[in-house]
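Asker: Let me begin by handing over the structure; questions about it come next.
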Amino acid sequence: MPHRVVVLALDGLLPFELGIPQRIFGRTLRADPGGRGGKLYDVVTCSVRPPGPVRTDADFSVLVEHGPEALATADTVVVPASYELGPVFEEGRLTDELAAALALVRPGTRMVSICTGSYVLAAAGYLDGRPATTHWSSADHFQRTFPQVRVDPDVLFIDDGDVLTSAGVAAGIDLCLHLVRRDHGTAVANEIARRTVVPPHRDGGQAQYIHRPVPEPQFATTTAARAWALARLDRPILLRDMAEQEAMSVRTFTRRFREEVGISPGQWLTQQRVERARHLLESTDLSIDQVARDAGFGTPTSLRQHLQAALGVPPTVYRRTFRSTAGTLS
């Protein structure tokens, strides 16, 4: 049975954020030739009221065909952003209507928020004592309203196991792709990313706000250096090698790289190598030694250390766990 994702549509919702779960989860197919294995997720949108129109922040409403009872069927609940949260935003408390709806959620259901949907999770107590994020412009208010939450205003998303929160707008895409990757591996996540025409992976720890996301006209970028590095991850790559690809000094290149990508070149290289290692562990029978070499970590010890730091498990456990669970999520 497909994993059921129920999206909670609240008045004042942002249409873009509402559409993200349907676009990512609703189009994710099993990794069979031609996608004949069928959908991996069943996506349902519901309201806190009986079926009917829900206001958006645009000049139109959306007709939601399911009431709050759909929440009782969810394996994952997604709460997108809303600009009409009322006492949830102003006082940190749920309305009676919203509290009654969330009371239908079964224990153990995975809870996810996009942007200011985090206010709903926090008001419901899901984030007490946990790390969480939200849109950077609301982070200070969010922390004042919910002092019991450990707010990180800088990251794209936070995965805390059964509760996940993201920053605003496009960070919701990153979080949903992360969940597909976590549930079914990199090959499935990369395929839906290609279909959606978005980057297959932005690490959750990447900065929300990047100083220069779009270069000024005739302004040198680090794009060529990143492409050059990705083509030779299995080889040693020095910072000066990357700087030479852009004819920059190491100091200028490092500053420009961080301005454009949001993290240092070294952090970025490690992220790309971890992703390469994950793909090889999931999709090949290469030995751990060979995976370490092909991903650019050199030795199994280095691979183990980096995978443990990034994913919390060593390579052999990751491979065994993924292969025993991939495609069986319910």
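Naming works like this for the structure tokens: A, B, ... for the chains as they're shown, residue 1 at the start of each chain, ligands 1 onward in shown order.
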Identify, with DSSP run on backbone atoms, the residues in segment 11-127 of chain A assigned to strand (DSSP E), and express the list as a list in words.
Answerer: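 Matching residues for strand (DSSP E) in segment 11-127 of chain A are Tyr41, Asp42, Val43, Val44, Thr45, Cys46, Gly52, Pro53, Val54, Arg55, Ser61, Val62, Leu63, Val64, Thr76, Val77, Val78, Val79, Arg110, Met111, Val112 and Ser113 of chain A.
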Asker: Name the residues in contact with Val149 of chain A at a cut-off of 6 Å, using only C-alpha atoms, excluding same-chain residues fewer than 4 positions from it; report them as number ranges by chain.
Answerer: A: 127-130
Asker: Generate a file of the selected residues that holds N, CA, C and O atoms, formatted as a PDB file, in the first residue's frame.
Answerer:
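Saved as out17.pdb:
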```
ATOM      1  N   LEU A 127       6.780  20.116  18.903  1.00  0.00           N
ATOM      2  CA  LEU A 127       8.156  20.603  18.842  1.00  0.00           C
ATOM      3  C   LEU A 127       8.752  20.883  20.222  1.00  0.00           C
ATOM      4  O   LEU A 127       9.881  21.376  20.301  1.00  0.00           O
ATOM      5  N   ASP A 128       8.046  20.574  21.282  1.00  0.00           N
ATOM      6  CA  ASP A 128       8.564  20.844  22.632  1.00  0.00           C
ATOM      7  C   ASP A 128       9.909  20.143  22.845  1.00  0.00           C
ATOM      8  O   ASP A 128      10.028  18.918  22.682  1.00  0.00           O
ATOM      9  N   GLY A 129      10.926  20.943  23.181  1.00  0.00           N
ATOM     10  CA  GLY A 129      12.246  20.401  23.445  1.00  0.00           C
ATOM     11  C   GLY A 129      12.998  19.922  22.230  1.00  0.00           C
ATOM     12  O   GLY A 129      14.059  19.313  22.348  1.00  0.00           O
ATOM     13  N   ARG A 130      12.463  20.193  21.047  1.00  0.00           N
ATOM     14  CA  ARG A 130      13.081  19.696  19.807  1.00  0.00           C
ATOM     15  C   ARG A 130      13.690  20.843  18.994  1.00  0.00           C
ATOM     16  O   ARG A 130      13.272  21.995  19.116  1.00  0.00           O
TER      17      ARG A 130
END
```
Asker: Using only C-alpha atoms, which residues sit within 7 Å of Gly168 of chain A once same-chain residues fewer than 5 positions away are excluded, as a PyMOL selection string?
Answerer: chain A and resi 114-115+134-135
Asker: Those residues with N, CA, C and O atoms, as an mmCIF file, in the first residue's frame please?
Answerer:
```cif
data_model
loop_
_atom_site.group_PDB
_atom_site.id
_atom_site.type_symbol
_atom_site.label_atom_id
_atom_site.label_comp_id
_atom_site.auth_asym_id
_atom_site.auth_seq_id
_atom_site.Cartn_x
_atom_site.Cartn_y
_atom_site.Cartn_z
ATOM 1 N N ILE A 114 5.913 23.098 6.533
ATOM 2 C CA ILE A 114 6.585 23.916 5.525
ATOM 3 C C ILE A 114 6.396 25.372 5.924
ATOM 4 O O ILE A 114 5.263 25.822 6.136
ATOM 5 N N CYS A 115 7.510 26.099 6.060
ATOM 6 C CA CYS A 115 7.474 27.514 6.388
ATOM 7 C C CYS A 115 6.764 27.728 7.733
ATOM 8 O O CYS A 115 7.075 27.049 8.715
ATOM 9 N N THR A 134 11.960 27.585 10.673
ATOM 10 C CA THR A 134 10.841 28.195 9.978
ATOM 11 C C THR A 134 11.427 29.245 9.032
ATOM 12 O O THR A 134 12.647 29.341 8.896
ATOM 13 N N HIS A 135 10.584 30.018 8.378
ATOM 14 C CA HIS A 135 11.098 31.067 7.491
ATOM 15 C C HIS A 135 11.963 32.034 8.301
ATOM 16 O O HIS A 135 11.593 32.434 9.406
#
```
Asker: Nearest to Leu281 of chain A among A:Arg232, A:Arg49, A:Arg304, A:Arg320, with distances taken over only C-alpha atoms: which residue is it?
Answerer: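 Answer, going by the shortest atom-to-atom distance: A:Arg320.
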Asker: Using only C-alpha atoms, which of the listed residues (A:Pro153, A:Pro68, A:Pro236, A:Gly12) sits closest to Pro50 of chain A?
Answerer: A:Pro68
Asker: Would you pick out the contacts of Ser47 of chain A at 8 Å or less, using only C-alpha atoms, so that residues sharing its chain but fewer than 4 positions from it are not included, and give the list as number ranges by chain?
Answerer: A: 8-10, 51, 54, 64, 66-68
Asker: If we count only C-alpha atoms and set the cut-off at 9 Å, which residues sit around Gln272 of chain A, ignoring sequence neighbours fewer than 6 positions away in its own chain? Please answer as a list of chain:residue names.
Answerer: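 My reading of the contact set: A:Leu230, A:Leu233, A:Ala295.
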Asker: At most 10 Å is the cut-off: for each residue in segment 64-161 of chain A with any atom that close to an atom of segment 13-26 of chain A, write down the nearest atom pair and the distance in Å rounded to one decimal, counting only C-alpha atoms, chain first then increasing number, as CSV.
Answerer:
```
residue,atom,partner,partner_atom,distance
A:Val78,CA,A:Pro21,CA,7.7
A:Val79,CA,A:Leu18,CA,8.4
A:Pro80,CA,A:Glu17,CA,5.7
A:Ala81,CA,A:Leu13,CA,5.8
A:Ser82,CA,A:Leu13,CA,4.0
A:Tyr83,CA,A:Leu13,CA,6.3
A:Glu84,CA,A:Leu13,CA,7.5
A:Leu85,CA,A:Leu13,CA,9.3
A:Ile114,CA,A:Glu17,CA,7.1
A:Cys115,CA,A:Glu17,CA,8.3
A:Gly117,CA,A:Leu13,CA,9.5
```
Asker: Let's have the selection written as a compact mmCIF listing (two decimals), in the first residue's frame, with N, CA, C and O atoms.
Answerer:
```txt
# COMPACT_ATOMS: atom_id res chain seq x y z
N VAL A 78 1.40 16.79 6.54
CA VAL A 78 2.15 17.97 6.13
C VAL A 78 1.30 19.21 6.37
O VAL A 78 0.14 19.27 5.92
N VAL A 79 1.87 20.20 7.08
CA VAL A 79 1.16 21.46 7.34
C VAL A 79 1.90 22.58 6.61
O VAL A 79 2.97 23.02 7.04
N PRO A 80 1.37 23.03 5.47
CA PRO A 80 2.01 24.15 4.74
C PRO A 80 1.75 25.48 5.44
O PRO A 80 0.99 25.58 6.41
N ALA A 81 2.37 26.53 4.91
CA ALA A 81 2.26 27.86 5.50
C ALA A 81 0.87 28.44 5.34
O ALA A 81 0.12 28.10 4.42
N SER A 82 0.52 29.33 6.26
CA SER A 82 -0.73 30.09 6.19
C SER A 82 -0.48 31.48 6.73
O SER A 82 0.31 31.67 7.65
N TYR A 83 -1.18 32.48 6.16
CA TYR A 83 -1.09 33.85 6.65
C TYR A 83 -2.26 34.21 7.55
O TYR A 83 -2.44 35.37 7.91
N GLU A 84 -3.10 33.22 7.90
CA GLU A 84 -4.25 33.48 8.75
C GLU A 84 -4.28 32.50 9.91
O GLU A 84 -5.29 31.84 10.16
N LEU A 85 -3.20 32.43 10.66
CA LEU A 85 -3.12 31.47 11.76
C LEU A 85 -3.75 32.00 13.04
O LEU A 85 -3.92 31.24 13.99
N ILE A 114 5.91 23.10 6.53
CA ILE A 114 6.58 23.92 5.53
C ILE A 114 6.40 25.37 5.92
O ILE A 114 5.26 25.82 6.14
N CYS A 115 7.51 26.10 6.06
CA CYS A 115 7.47 27.51 6.39
C CYS A 115 6.76 27.73 7.73
O CYS A 115 7.07 27.05 8.71
N GLY A 117 4.04 26.81 8.78
CA GLY A 117 3.30 25.66 9.29
C GLY A 117 3.90 25.15 10.58
O GLY A 117 3.23 24.46 11.37
```
Asker: Find, counting only C-alpha atoms, the residue in A:Thr28, A:Gln308, A:Thr73, A:Gln208 that gets nearest to Cys46 of chain A.
Answerer: A:Thr73
Asker: Would you work out the distance separating atom CA of Ala189 of chain A from atom CA of Arg202 of chain A, expressed in Å to one decimal?
Answerer: 12.0 Å
Asker: Write out as number ranges by chain the residues lying within 10 Å of Glu275 of chain A, counting only C-alpha atoms and excluding same-chain residues fewer than 5 positions away.
Answerer: A: 186, 201, 203, 269-270, 280-281, 295, 307, 310
